[in-house]
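Okay, upload_31.pdb now, which holds PDB, C-alpha atoms (C1' of nucleotides):
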ATOM      1  CA  MET P   1     133.002  93.082  88.775
ATOM      2  CA  ASN P   2     132.792  95.429  91.763
ATOM      3  CA  ILE P   3     130.292  95.161  94.580
ATOM      4  CA  GLY P   4     127.718  97.456  92.989
ATOM      5  CA  GLU P   5     127.716  95.488  89.758
ATOM      6  CA  LEU P   6     127.446  92.220  91.672
ATOM      7  CA  ALA P   7     124.561  93.657  93.665
ATOM      8  CA  ARG P   8     122.671  94.608  90.498
ATOM      9  CA  ALA P   9     123.359  91.235  88.876
ATOM     10  CA  ALA P  10     121.962  89.355  91.858
ATOM     11  CA  ALA P  11     119.214  91.841  92.778
ATOM     12  CA  THR P  12     120.776  92.316  96.201
ATOM     13  CA  LYS P  13     121.810  95.318  98.241
ATOM     14  CA  VAL P  14     125.466  96.165  98.574
ATOM     15  CA  GLU P  15     125.215  96.057 102.349
ATOM     16  CA  THR P  16     123.722  92.593 102.215
ATOM     17  CA  ILE P  17     126.679  91.325 100.209
ATOM     18  CA  ARG P  18     129.095  92.760 102.746
ATOM     19  CA  TYR P  19     127.001  91.180 105.484
ATOM     20  CA  TYR P  20     127.186  87.770 103.788
ATOM     21  CA  GLU P  21     130.940  88.130 103.590
ATOM     22  CA  ARG P  22     131.158  89.067 107.256
ATOM     23  CA  ILE P  23     129.243  85.975 108.342
ATOM     24  CA  GLY P  24     131.298  83.771 106.041
ATOM     25  CA  LEU P  25     128.556  82.900 103.587
ATOM     26  CA  LEU P  26     130.242  84.559 100.603
ATOM     27  CA  PRO P  27     134.046  84.201 100.413
ATOM     28  CA  ALA P  28     136.056  87.405 100.653
ATOM     29  CA  PRO P  29     137.144  88.354  97.130
ATOM     30  CA  PRO P  30     140.512  89.834  96.186
ATOM     31  CA  ARG P  31     140.868  93.603  96.304
ATOM     32  CA  THR P  32     141.913  96.166  93.720
ATOM     33  CA  ALA P  33     144.718  98.682  94.301
ATOM     34  CA  GLY P  34     142.115 101.061  95.685
ATOM     35  CA  ASN P  35     140.851  98.402  98.129
ATOM     36  CA  TYR P  36     137.659  97.704  96.173
ATOM     37  CA  ARG P  37     136.271  94.163  96.221
ATOM     38  CA  GLU P  38     136.752  92.401  92.874
ATOM     39  CA  TYR P  39     134.237  89.612  92.180
ATOM     40  CA  CYS P  40     134.087  86.898  89.538
ATOM     41  CA  ALA P  41     131.343  84.651  88.116
ATOM     42  CA  THR P  42     131.751  82.122  90.932
ATOM     43  CA  HIS P  43     130.803  84.731  93.482
ATOM     44  CA  LEU P  44     127.798  85.694  91.412
ATOM     45  CA  MET P  45     126.604  82.087  91.212
ATOM     46  CA  ARG P  46     126.999  81.633  94.919
ATOM     47  CA  LEU P  47     125.145  84.851  95.626
ATOM     48  CA  ILE P  48     122.290  83.987  93.259
ATOM     49  CA  PHE P  49     122.010  80.600  94.965
ATOM     50  CA  THR P  50     121.880  82.311  98.333
ATOM     51  CA  ARG P  51     119.240  84.840  97.298
ATOM     52  CA  ARG P  52     117.138  82.158  95.700
ATOM     53  CA  GLY P  53     117.338  80.122  98.876
ATOM     54  CA  ARG P  54     116.348  83.141 100.940
ATOM     55  CA  ASP P  55     113.434  83.872  98.600
ATOM     56  CA  LEU P  56     112.281  80.306  99.201
ATOM     57  CA  GLY P  57     112.496  80.928 102.931
ATOM     58  CA  PHE P  58     115.583  78.860 103.796
ATOM     59  CA  SER P  59     117.554  80.161 106.753
ATOM     60  CA  ILE P  60     121.133  81.336 106.368
ATOM     61  CA  GLU P  61     122.325  78.219 108.186
ATOM     62  CA  GLN P  62     120.369  75.973 105.846
ATOM     63  CA  ILE P  63     121.841  77.768 102.863
ATOM     64  CA  ARG P  64     125.304  77.416 104.341
ATOM     65  CA  ALA P  65     124.697  73.660 104.627
ATOM     66  CA  LEU P  66     123.338  73.456 101.080
ATOM     67  CA  LEU P  67     126.324  75.324  99.691
ATOM     68  CA  ASP P  68     128.657  72.977 101.536
ATOM     69  CA  LEU P  69     126.860  69.952 100.109
ATOM     70  CA  ALA P  70     126.900  71.432  96.620
ATOM     71  CA  ASN P  71     130.683  71.318  96.722
ATOM     72  CA  GLN P  72     130.845  67.573  97.379
ATOM     73  CA  LYS P  73     129.926  66.640  93.853
ATOM     74  CA  ASN P  74     129.908  62.850  94.026
ATOM     75  CA  ARG P  75     128.043  62.433  97.281
ATOM     76  CA  SER P  76     124.419  61.377  97.239
ATOM     77  CA  CYS P  77     122.117  64.341  97.464
ATOM     78  CA  LYS P  78     119.965  62.803 100.184
ATOM     79  CA  ALA P  79     121.153  65.328 102.722
ATOM     80  CA  VAL P  80     119.993  68.066 100.362
ATOM     81  CA  ALA P  81     116.527  66.558 100.160
ATOM     82  CA  VAL P  82     116.381  66.271 103.947
ATOM     83  CA  ILE P  83     117.036  69.988 104.343
ATOM     84  CA  ALA P  84     114.492  70.855 101.682
ATOM     85  CA  ARG P  85     111.801  68.636 103.203
ATOM     86  CA  GLU P  86     112.446  70.002 106.679
ATOM     87  CA  HIS P  87     112.027  73.490 105.368
ATOM     88  CA  LEU P  88     108.862  72.555 103.514
ATOM     89  CA  ALA P  89     107.457  71.139 106.746
ATOM     90  CA  GLU P  90     108.247  74.434 108.472
ATOM     91  CA  VAL P  91     106.551  76.376 105.687
ATOM     92  CA  LYS P  92     103.462  74.210 106.129
ATOM     93  CA  ARG P  93     103.425  74.853 109.867
ATOM     94  CA  LYS P  94     103.572  78.574 109.237
ATOM     95  CA  LEU P  95     100.828  78.325 106.649
ATOM     96  CA  ALA P  96      98.614  76.550 109.155
ATOM     97  CA  ASP P  97      99.291  79.241 111.768
ATOM     98  CA  LEU P  98      98.596  82.062 109.348
ATOM     99  CA  THR P  99      95.452  80.417 108.048
ATOM    100  CA  ALA P 100      94.134  80.138 111.586
ATOM    101  CA  MET P 101      94.974  83.809 112.189
ATOM    102  CA  GLN P 102      93.229  84.799 108.995
ATOM    103  CA  GLN P 103      90.058  82.958 109.957
ATOM    104  CA  GLU P 104      89.979  84.411 113.449
ATOM    105  CA  LEU P 105      90.602  87.910 112.145
ATOM    106  CA  GLU P 106      87.837  87.585 109.578
ATOM    107  CA  THR P 107      85.431  86.366 112.216
ATOM    108  CA  ILE P 108      86.319  89.199 114.551
ATOM    109  CA  ILE P 109      86.174  91.873 111.870
ATOM    110  CA  GLY P 110      82.888  90.485 110.588
ATOM    111  CA  GLN P 111      81.306  91.146 113.953
ATOM    112  CA  CYS P 112      82.135  94.858 113.862
ATOM    113  CA  ARG P 113      79.020  97.059 113.781
ATOM    114  CA  ASN P 114      80.912 100.356 113.841
ATOM    115  CA  ASP P 115      79.658 101.072 117.335
ATOM    116  CA  THR P 116      81.415 103.197 119.862
ATOM    117  CA  VAL P 117      84.616 101.871 121.289
ATOM    118  CA  ALA P 118      82.721 100.863 124.431
ATOM    119  CA  ASP P 119      80.777  98.188 122.503
ATOM    120  CA  CYS P 120      83.414  97.338 119.924
ATOM    121  CA  ARG P 121      83.310  93.626 119.103
ATOM    122  CA  ILE P 122      86.886  93.643 117.872
ATOM    123  CA  LEU P 123      88.181  94.962 121.175
ATOM    124  CA  GLU P 124      85.928  92.565 123.068
ATOM    125  CA  ALA P 125      87.312  89.663 121.108
ATOM    126  CA  LEU P 126      90.853  90.756 121.856
ATOM    127  CA  ALA P 127      90.089  90.967 125.551
ATOM    128  CA  GLN P 128      89.153  87.264 125.683
ATOM    129  CA  LYS P 129      91.619  84.491 126.142
ATOM    130  CA  GLU P 130      92.159  82.329 123.106
ATOM    131  CA  GLY P 131      89.164  80.538 121.693
ATOM    132  CA  GLN P 132      86.628  81.926 124.168
ATOM    133  CA  ALA P 133      83.541  83.166 122.364
TER     134      ALA P 133
ATOM    135  CA  MET V   1      99.528  89.626 142.501
ATOM    136  CA  ASN V   2     103.278  89.439 141.904
ATOM    137  CA  ILE V   3     104.947  89.059 138.537
ATOM    138  CA  GLY V   4     105.108  85.265 138.611
ATOM    139  CA  GLU V   5     101.396  84.989 139.363
ATOM    140  CA  LEU V   6     100.588  87.475 136.621
ATOM    141  CA  ALA V   7     102.746  85.501 134.210
ATOM    142  CA  ARG V   8     100.896  82.277 134.990
ATOM    143  CA  ALA V   9      97.500  83.969 134.720
ATOM    144  CA  ALA V  10      98.296  85.354 131.275
ATOM    145  CA  ALA V  11     100.395  82.424 130.016
ATOM    146  CA  THR V  12     103.370  84.740 129.574
ATOM    147  CA  LYS V  13     106.974  84.628 130.686
ATOM    148  CA  VAL V  14     108.125  86.862 133.501
ATOM    149  CA  GLU V  15     110.812  88.375 131.296
ATOM    150  CA  THR V  16     108.243  89.236 128.670
ATOM    151  CA  ILE V  17     106.192  91.159 131.215
ATOM    152  CA  ARG V  18     109.229  93.157 132.281
ATOM    153  CA  TYR V  19     109.987  93.748 128.625
ATOM    154  CA  TYR V  20     106.468  95.093 128.024
ATOM    155  CA  GLU V  21     106.906  97.419 130.971
ATOM    156  CA  ARG V  22     110.253  98.621 129.644
ATOM    157  CA  ILE V  23     108.785  99.529 126.259
ATOM    158  CA  GLY V  24     105.807 101.223 127.891
ATOM    159  CA  LEU V  25     103.161  98.729 126.812
ATOM    160  CA  LEU V  26     102.241  97.661 130.326
ATOM    161  CA  PRO V  27     102.200 100.434 132.965
ATOM    162  CA  ALA V  28     104.724 100.134 135.772
ATOM    163  CA  PRO V  29     102.865  98.836 138.842
ATOM    164  CA  PRO V  30     103.465  99.926 142.420
ATOM    165  CA  ARG V  31     106.136  98.087 144.395
ATOM    166  CA  THR V  32     106.043  96.250 147.712
ATOM    167  CA  ALA V  33     108.425  97.043 150.563
ATOM    168  CA  GLY V  34     110.818  94.459 149.138
ATOM    169  CA  ASN V  35     110.704  96.140 145.698
ATOM    170  CA  TYR V  36     108.491  93.458 144.139
ATOM    171  CA  ARG V  37     106.028  94.518 141.427
ATOM    172  CA  GLU V  38     102.416  94.410 142.691
ATOM    173  CA  TYR V  39      99.822  93.920 139.950
ATOM    174  CA  CYS V  40      96.031  94.220 139.919
ATOM    175  CA  ALA V  41      93.239  92.947 137.655
ATOM    176  CA  THR V  42      93.641  95.898 135.284
ATOM    177  CA  HIS V  43      97.174  94.862 134.513
ATOM    178  CA  LEU V  44      96.037  91.305 133.917
ATOM    179  CA  MET V  45      93.359  92.444 131.460
ATOM    180  CA  ARG V  46      95.820  94.583 129.601
ATOM    181  CA  LEU V  47      98.335  91.773 129.424
ATOM    182  CA  ILE V  48      95.759  89.246 128.225
ATOM    183  CA  PHE V  49      94.692  91.718 125.542
ATOM    184  CA  THR V  50      98.308  92.115 124.499
ATOM    185  CA  ARG V  51      99.006  88.393 124.358
ATOM    186  CA  ARG V  52      95.849  87.761 122.402
ATOM    187  CA  GLY V  53      96.821  90.464 119.935
ATOM    188  CA  ARG V  54     100.281  88.948 119.562
ATOM    189  CA  ASP V  55      98.784  85.502 119.041
ATOM    190  CA  LEU V  56      96.724  86.993 116.237
ATOM    191  CA  GLY V  57      99.896  88.445 114.766
ATOM    192  CA  PHE V  58      99.414  92.138 115.546
ATOM    193  CA  SER V  59     102.653  94.060 116.031
ATOM    194  CA  ILE V  60     103.489  95.680 119.339
ATOM    195  CA  GLU V  61     102.825  99.105 117.805
ATOM    196  CA  GLN V  62      99.412  98.008 116.562
ATOM    197  CA  ILE V  63      98.568  96.679 120.009
ATOM    198  CA  ARG V  64      99.716  99.932 121.540
ATOM    199  CA  ALA V  65      97.350 101.783 119.206
ATOM    200  CA  LEU V  66      94.481  99.403 119.969
ATOM    201  CA  LEU V  67      94.995  99.793 123.711
ATOM    202  CA  ASP V  68      94.975 103.563 123.315
ATOM    203  CA  LEU V  69      91.731 103.419 121.361
ATOM    204  CA  ALA V  70      90.164 101.070 123.890
ATOM    205  CA  ASN V  71      90.497 103.788 126.483
ATOM    206  CA  GLN V  72      88.457 106.328 124.513
ATOM    207  CA  LYS V  73      85.151 104.666 125.263
ATOM    208  CA  ASN V  74      82.717 106.895 123.370
ATOM    209  CA  ARG V  75      84.660 107.259 120.149
ATOM    210  CA  SER V  76      83.596 105.344 117.095
ATOM    211  CA  CYS V  77      85.549 102.145 116.724
ATOM    212  CA  LYS V  78      86.313 102.761 113.061
ATOM    213  CA  ALA V  79      89.988 103.260 113.773
ATOM    214  CA  VAL V  80      90.005  99.865 115.456
ATOM    215  CA  ALA V  81      88.529  98.246 112.372
ATOM    216  CA  VAL V  82      91.091  99.983 110.173
ATOM    217  CA  ILE V  83      93.966  98.487 112.160
ATOM    218  CA  ALA V  84      92.373  95.052 112.141
ATOM    219  CA  ARG V  85      91.744  95.144 108.396
ATOM    220  CA  GLU V  86      95.253  96.361 107.677
ATOM    221  CA  HIS V  87      96.610  93.496 109.685
ATOM    222  CA  LEU V  88      94.347  91.034 107.926
ATOM    223  CA  ALA V  89      95.624  92.322 104.587
ATOM    224  CA  GLU V  90      99.180  91.759 105.793
ATOM    225  CA  VAL V  91      98.316  88.233 106.898
ATOM    226  CA  LYS V  92      96.886  87.557 103.463
ATOM    227  CA  ARG V  93     100.026  88.853 101.788
ATOM    228  CA  LYS V  94     102.130  86.539 103.919
ATOM    229  CA  LEU V  95      99.817  83.638 103.151
ATOM    230  CA  ALA V  96     100.221  84.283  99.440
ATOM    231  CA  ASP V  97     104.018  84.399  99.806
ATOM    232  CA  LEU V  98     104.121  81.208 101.831
ATOM    233  CA  THR V  99     101.758  79.417  99.476
ATOM    234  CA  ALA V 100     104.017  80.303  96.554
ATOM    235  CA  MET V 101     107.036  79.072  98.522
ATOM    236  CA  GLN V 102     105.261  75.842  99.354
ATOM    237  CA  GLN V 103     104.411  75.191  95.720
ATOM    238  CA  GLU V 104     107.909  75.914  94.509
ATOM    239  CA  LEU V 105     109.429  73.733  97.195
ATOM    240  CA  GLU V 106     107.113  70.878  96.377
ATOM    241  CA  THR V 107     107.954  71.147  92.690
ATOM    242  CA  ILE V 108     111.662  71.223  93.412
ATOM    243  CA  ILE V 109     111.564  68.357  95.893
ATOM    244  CA  GLY V 110     109.392  66.323  93.538
ATOM    245  CA  GLN V 111     112.128  66.455  90.917
ATOM    246  CA  CYS V 112     114.702  64.868  93.235
ATOM    247  CA  ARG V 113     115.886  61.456  91.973
ATOM    248  CA  ASN V 114     118.392  60.885  94.779
ATOM    249  CA  ASP V 115     121.272  61.236  92.385
ATOM    250  CA  THR V 116     124.714  62.418  93.289
ATOM    251  CA  VAL V 117     125.092  66.017  94.309
ATOM    252  CA  ALA V 118     126.471  66.781  90.846
ATOM    253  CA  ASP V 119     123.071  66.096  89.222
ATOM    254  CA  CYS V 120     120.873  67.147  92.117
ATOM    255  CA  ARG V 121     117.714  68.815  90.826
ATOM    256  CA  ILE V 122     117.142  70.646  94.081
ATOM    257  CA  LEU V 123     120.545  72.308  93.907
ATOM    258  CA  GLU V 124     120.042  73.032  90.215
ATOM    259  CA  ALA V 125     116.750  74.716  90.949
ATOM    260  CA  LEU V 126     118.351  76.822  93.638
ATOM    261  CA  ALA V 127     121.085  77.916  91.261
ATOM    262  CA  GLN V 128     118.529  79.458  88.873
ATOM    263  CA  LYS V 129     117.153  82.912  89.216
ATOM    264  CA  GLU V 130     113.527  83.095  90.232
ATOM    265  CA  GLY V 131     111.012  81.441  87.961
ATOM    266  CA  GLN V 132     113.512  80.089  85.452
ATOM    267  CA  ALA V 133     112.830  76.456  84.652
TER     268      ALA V 133
ATOM    269  C1'  DC O   1     119.156  79.577 160.006
ATOM    270  C1'  DT O   2     119.496  77.844 155.917
ATOM    271  C1'  DT O   3     117.617  76.139 151.675
ATOM    272  C1'  DG O   4     114.965  76.919 147.801
ATOM    273  C1'  DA O   5     111.991  79.473 145.109
ATOM    274  C1'  DC O   6     111.096  83.508 143.870
ATOM    275  C1'  DC O   7     112.194  88.602 142.585
ATOM    276  C1'  DC O   8     115.398  92.660 141.133
ATOM    277  C1'  DT O   9     118.481  95.337 137.459
ATOM    278  C1'  DG O  10     121.209  95.485 133.568
ATOM    279  C1'  DT O  11     123.098  93.721 129.640
ATOM    280  C1'  DA O  12     123.854  90.709 125.701
ATOM    281  C1'  DG O  13     122.108  87.578 122.360
ATOM    282  C1'  DC O  14     119.007  85.821 118.443
ATOM    283  C1'  DA O  15     117.842  86.461 112.639
ATOM    284  C1'  DA O  16     118.775  88.761 108.766
ATOM    285  C1'  DC O  17     119.461  92.415 107.471
ATOM    286  C1'  DT O  18     119.452  97.945 107.040
ATOM    287  C1'  DA O  19     121.238 102.432 107.819
ATOM    288  C1'  DC O  20     124.122 105.481 108.960
ATOM    289  C1'  DA O  21     128.950 108.286 109.794
ATOM    290  C1'  DG O  22     133.114 109.559 108.219
ATOM    291  C1'  DA O  23     136.499 108.445 105.288
ATOM    292  C1'  DG O  24     138.826 107.223 100.644
ATOM    293  C1'  DT O  25     138.468 106.231  95.253
ATOM    294  C1'  DT O  26     137.030 106.580  90.607
ATOM    295  C1'  DT O  27     134.899 108.688  86.766
ATOM    296  C1'  DA O  28     132.618 112.256  84.198
ATOM    297  C1'  DT O  29     132.340 116.807  83.111
ATOM    298  C1'  DA O  30     133.568 121.927  82.868
TER     299       DA O  30
ATOM    300  C1'  DT F   1     143.222 120.208  85.686
ATOM    301  C1'  DA F   2     139.904 120.921  89.048
ATOM    302  C1'  DT F   3     135.997 119.397  91.051
ATOM    303  C1'  DA F   4     131.796 117.259  91.796
ATOM    304  C1'  DA F   5     129.084 113.150  91.592
ATOM    305  C1'  DA F   6     128.882 108.557  92.301
ATOM    306  C1'  DC F   7     130.804 105.064  93.967
ATOM    307  C1'  DT F   8     133.487 102.221  97.713
ATOM    308  C1'  DC F   9     135.597 101.355 102.389
ATOM    309  C1'  DT F  10     135.192 100.166 107.737
ATOM    310  C1'  DG F  11     132.775 100.071 111.811
ATOM    311  C1'  DT F  12     128.920 100.489 114.522
ATOM    312  C1'  DA F  13     124.131 100.859 115.825
ATOM    313  C1'  DG F  14     119.327 100.115 114.847
ATOM    314  C1'  DT F  15     115.262  97.029 113.673
ATOM    315  C1'  DT F  16     111.353  93.289 116.042
ATOM    316  C1'  DG F  17     109.978  90.750 119.963
ATOM    317  C1'  DC F  18     111.500  88.651 122.833
ATOM    318  C1'  DT F  19     114.932  85.295 125.679
ATOM    319  C1'  DA F  20     118.787  84.299 128.628
ATOM    320  C1'  DC F  21     121.985  85.132 131.518
ATOM    321  C1'  DA F  22     124.942  87.258 135.764
ATOM    322  C1'  DG F  23     125.054  88.790 140.131
ATOM    323  C1'  DG F  24     122.570  90.191 143.433
ATOM    324  C1'  DG F  25     118.205  90.780 147.025
ATOM    325  C1'  DT F  26     113.679  88.832 149.333
ATOM    326  C1'  DC F  27     110.591  85.669 151.322
ATOM    327  C1'  DA F  28     108.399  81.357 153.229
ATOM    328  C1'  DA F  29     109.051  76.689 154.979
ATOM    329  C1'  DG F  30     111.263  73.370 157.815
TER     330       DG F  30
END
Go ahead and express the file in the form of structure tokens.
Amino acid sequence: MNIGELARAAATKVETIRYYERIGLLPAPPRTAGNYREYCATHLMRLIFTRRGRDLGFSIEQIRALLDLANQKNRSCKAVAVIAREHLAEVKRKLADLTAMQQELETIIGQCRNDTVADCRILEALAQKEGQA
Amino acid sequence: MNIGELARAAATKVETIRYYERIGLLPAPPRTAGNYREYCATHLMRLIFTRRGRDLGFSIEQIRALLDLANQKNRSCKAVAVIAREHLAEVKRKLADLTAMQQELETIIGQCRNDTVADCRILEALAQKEGQA
DNA sequence: CTTGACCCTGTAGCAACTACAGAGTTTATA
DNA sequence: TATAAACTCTGTAGTTGCTACAGGGTCAAG
């Protein structure tokens, strides 16, 4: 399997795969006579794991840690759960932030009367410090 | 007002102010004899506007556009509303993404039985392609 | 007159890619 | 067999929005 085929199989860009190799997330595969990377199913599994983790919002470092843990088969998976719960907490923090933004934006936009810029409520709202009506 | 005072007044870091100047978001102020930046109330207003926009999640380029519009006092503010609504739409997209992530993470974490790594449901879930149970 | 708190410029770093340039390789077709 | 298209290679620079130095200069207090 060359890099293009791997990329298609994991729904990833070729450059991203090379990037993962450069940062040590995906092991460097053997090369063909023409210096092409030659991947096997193990690489594909690792890459799918990585992409899935990224889709779920885990950082590269978290994924690195998860991949390390996944290789210690008879350890307890508590450390895995810790990473997952930490990430979930972070997701919840971001959700709270975004929800607050959404509400403020809706309030501000709702006040717009399509006046001239001089009386624009949106611009007025932006000119205030946080929370000031 | 020197840069440190401006920073305190707008709850911003000094380096951030210099960064905004470098990218042309905040106009370069006059300098004192000792080459210190000398700011006035106009700068403070512009910086507060910028920080407020950033807190609401607008990009630097959107803030640049909003500041430009704010200076054309007798134009209609429709263009302002367009930018705000576009940003709100983006916020909603991100909220949807994060909400999906949150749900998936909670499902995955809920399946954890604190087994060994070899049977870890979290790691299993990460090894699947998206949506596969 | 020196200590400390500030300010200056310029550059490099962060995350996680993405996008080239300029070269070599493989494969399909004429 | 030639050649063109489609791939691959390395290396480097760009993206966003800052943040963090290093190595200097300035200013006010004691």
Output of the PyMOL selection byres ((chain F) within 9 of (chain V)), listed as a PyMOL selection string: chain F and resi 16-19+25-26
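Put simply, the PyMOL selection byres ((chain V) within 12 of (chain O)) in this file takes in V:Asn2, V:Ile3, V:Gly4, V:Glu5, V:Val14, V:Glu15, V:Arg18, V:Arg22, V:Arg31, V:Thr32, V:Gly34, V:Asn35, V:Tyr36, V:Arg37, V:Glu38.
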Once chain V has been least-squares superposed onto chain P, matching all their Cα atoms in order, can you return it as a compact mmCIF listing (two decimals) with C-alpha atoms, in the frame of the given file?
# COMPACT_ATOMS: atom_id res chain seq x y z
CA MET V 1 133.26 92.89 88.70
CA ASN V 2 133.03 95.28 91.65
CA ILE V 3 130.48 95.09 94.43
CA GLY V 4 127.95 97.40 92.79
CA GLU V 5 127.98 95.36 89.58
CA LEU V 6 127.63 92.14 91.54
CA ALA V 7 124.72 93.63 93.46
CA ARG V 8 122.91 94.56 90.26
CA ALA V 9 123.58 91.16 88.70
CA ALA V 10 122.12 89.33 91.69
CA ALA V 11 119.38 91.86 92.54
CA THR V 12 120.91 92.37 95.97
CA LYS V 13 121.95 95.40 97.96
CA VAL V 14 125.61 96.21 98.35
CA GLU V 15 125.29 96.17 102.13
CA THR V 16 123.76 92.72 102.02
CA ILE V 17 126.74 91.39 100.08
CA ARG V 18 129.15 92.82 102.64
CA TYR V 19 126.98 91.32 105.35
CA TYR V 20 127.16 87.88 103.72
CA GLU V 21 130.93 88.21 103.56
CA ARG V 22 131.08 89.20 107.22
CA ILE V 23 129.13 86.13 108.32
CA GLY V 24 131.22 83.88 106.08
CA LEU V 25 128.50 83.00 103.59
CA LEU V 26 130.22 84.59 100.62
CA PRO V 27 134.02 84.19 100.48
CA ALA V 28 136.07 87.37 100.72
CA PRO V 29 137.23 88.25 97.19
CA PRO V 30 140.61 89.68 96.27
CA ARG V 31 141.01 93.46 96.35
CA THR V 32 142.14 95.96 93.73
CA ALA V 33 144.95 98.44 94.34
CA GLY V 34 142.35 100.89 95.65
CA ASN V 35 141.01 98.28 98.11
CA TYR V 36 137.85 97.58 96.09
CA ARG V 37 136.41 94.05 96.19
CA GLU V 38 136.93 92.23 92.87
CA TYR V 39 134.39 89.48 92.18
CA CYS V 40 134.24 86.70 89.59
CA ALA V 41 131.49 84.48 88.16
CA THR V 42 131.84 81.99 91.01
CA HIS V 43 130.88 84.64 93.51
CA LEU V 44 127.91 85.62 91.38
CA MET V 45 126.68 82.01 91.23
CA ARG V 46 127.02 81.62 94.94
CA LEU V 47 125.19 84.86 95.59
CA ILE V 48 122.36 83.99 93.19
CA PHE V 49 122.03 80.62 94.93
CA THR V 50 121.86 82.39 98.27
CA ARG V 51 119.27 84.92 97.17
CA ARG V 52 117.15 82.23 95.60
CA GLY V 53 117.31 80.22 98.81
CA ARG V 54 116.30 83.27 100.83
CA ASP V 55 113.43 83.97 98.45
CA LEU V 56 112.24 80.43 99.08
CA GLY V 57 112.45 81.10 102.81
CA PHE V 58 115.51 79.03 103.72
CA SER V 59 117.46 80.37 106.69
CA ILE V 60 121.04 81.53 106.32
CA GLU V 61 122.22 78.43 108.19
CA GLN V 62 120.27 76.15 105.86
CA ILE V 63 121.78 77.91 102.86
CA ARG V 64 125.21 77.55 104.37
CA ALA V 65 124.59 73.81 104.70
CA LEU V 66 123.26 73.55 101.15
CA LEU V 67 126.28 75.40 99.76
CA ASP V 68 128.57 73.06 101.66
CA LEU V 69 126.78 70.03 100.25
CA ALA V 70 126.86 71.45 96.74
CA ASN V 71 130.63 71.32 96.87
CA GLN V 72 130.77 67.58 97.56
CA LYS V 73 129.88 66.61 94.02
CA ASN V 74 129.83 62.82 94.24
CA ARG V 75 127.93 62.46 97.49
CA SER V 76 124.31 61.42 97.43
CA CYS V 77 122.02 64.41 97.59
CA LYS V 78 119.87 62.90 100.32
CA ALA V 79 121.04 65.45 102.84
CA VAL V 80 119.93 68.16 100.45
CA ALA V 81 116.46 66.66 100.24
CA VAL V 82 116.29 66.42 104.02
CA ILE V 83 116.95 70.14 104.40
CA ALA V 84 114.44 71.00 101.70
CA ARG V 85 111.74 68.80 103.23
CA GLU V 86 112.36 70.18 106.70
CA HIS V 87 111.97 73.65 105.34
CA LEU V 88 108.81 72.70 103.50
CA ALA V 89 107.39 71.31 106.74
CA GLU V 90 108.19 74.61 108.44
CA VAL V 91 106.49 76.53 105.64
CA LYS V 92 103.42 74.37 106.08
CA ARG V 93 103.37 75.01 109.81
CA LYS V 94 103.51 78.74 109.18
CA LEU V 95 100.76 78.46 106.59
CA ALA V 96 98.56 76.66 109.10
CA ASP V 97 99.23 79.36 111.71
CA LEU V 98 98.52 82.17 109.29
CA THR V 99 95.38 80.50 107.99
CA ALA V 100 94.07 80.20 111.54
CA MET V 101 94.91 83.86 112.15
CA GLN V 102 93.14 84.87 108.97
CA GLN V 103 90.00 82.99 109.94
CA GLU V 104 89.93 84.41 113.44
CA LEU V 105 90.50 87.92 112.16
CA GLU V 106 87.75 87.59 109.61
CA THR V 107 85.34 86.32 112.25
CA ILE V 108 86.24 89.14 114.60
CA ILE V 109 86.06 91.84 111.95
CA GLY V 110 82.77 90.44 110.67
CA GLN V 111 81.21 91.03 114.07
CA CYS V 112 82.02 94.75 114.02
CA ARG V 113 78.87 96.92 113.99
CA ASN V 114 80.72 100.25 114.09
CA ASP V 115 79.48 100.91 117.58
CA THR V 116 81.25 103.01 120.14
CA VAL V 117 84.48 101.68 121.52
CA ALA V 118 82.63 100.60 124.66
CA ASP V 119 80.69 97.93 122.73
CA CYS V 120 83.31 97.16 120.11
CA ARG V 121 83.25 93.46 119.24
CA ILE V 122 86.80 93.52 117.97
CA LEU V 123 88.12 94.82 121.28
CA GLU V 124 85.90 92.37 123.16
CA ALA V 125 87.30 89.50 121.15
CA LEU V 126 90.83 90.63 121.87
CA ALA V 127 90.10 90.78 125.58
CA GLN V 128 89.21 87.06 125.67
CA LYS V 129 91.71 84.32 126.05
CA GLU V 130 92.25 82.20 122.98
CA GLY V 131 89.26 80.39 121.58
CA GLN V 132 86.74 81.71 124.08
CA ALA V 133 83.61 82.95 122.36
Evaluate the PyMOL selection byres ((chain V) within 8 of (chain P)) against this structure - the residues, as a VMD selection string, please. chain V and resid 45 to 46 48 to 49 52 to 53 56 to 57 66 69 to 70 72 to 78 80 to 81 84 to 85 88 91 to 92 94 to 95 98 to 99 101 to 102 104 to 106 109 112 114 to 118 120 122 to 123 126 to 130
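The two atoms in question, CA of Ala41 in chain V and CA of Thr107 in chain P, are spaced 27.4 Å apart.
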Separation of CA of Ile17 in chain V and CA of Tyr39 in chain V, in Å?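 Between these atoms lies a distance of 11.2 Å.
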Nearest to Ala65 in chain P among P:Ile83, P:Ile23, P:Ala7, P:Ala28, with distances taken over all atoms listed in the file: which residue is it? P:Ile83
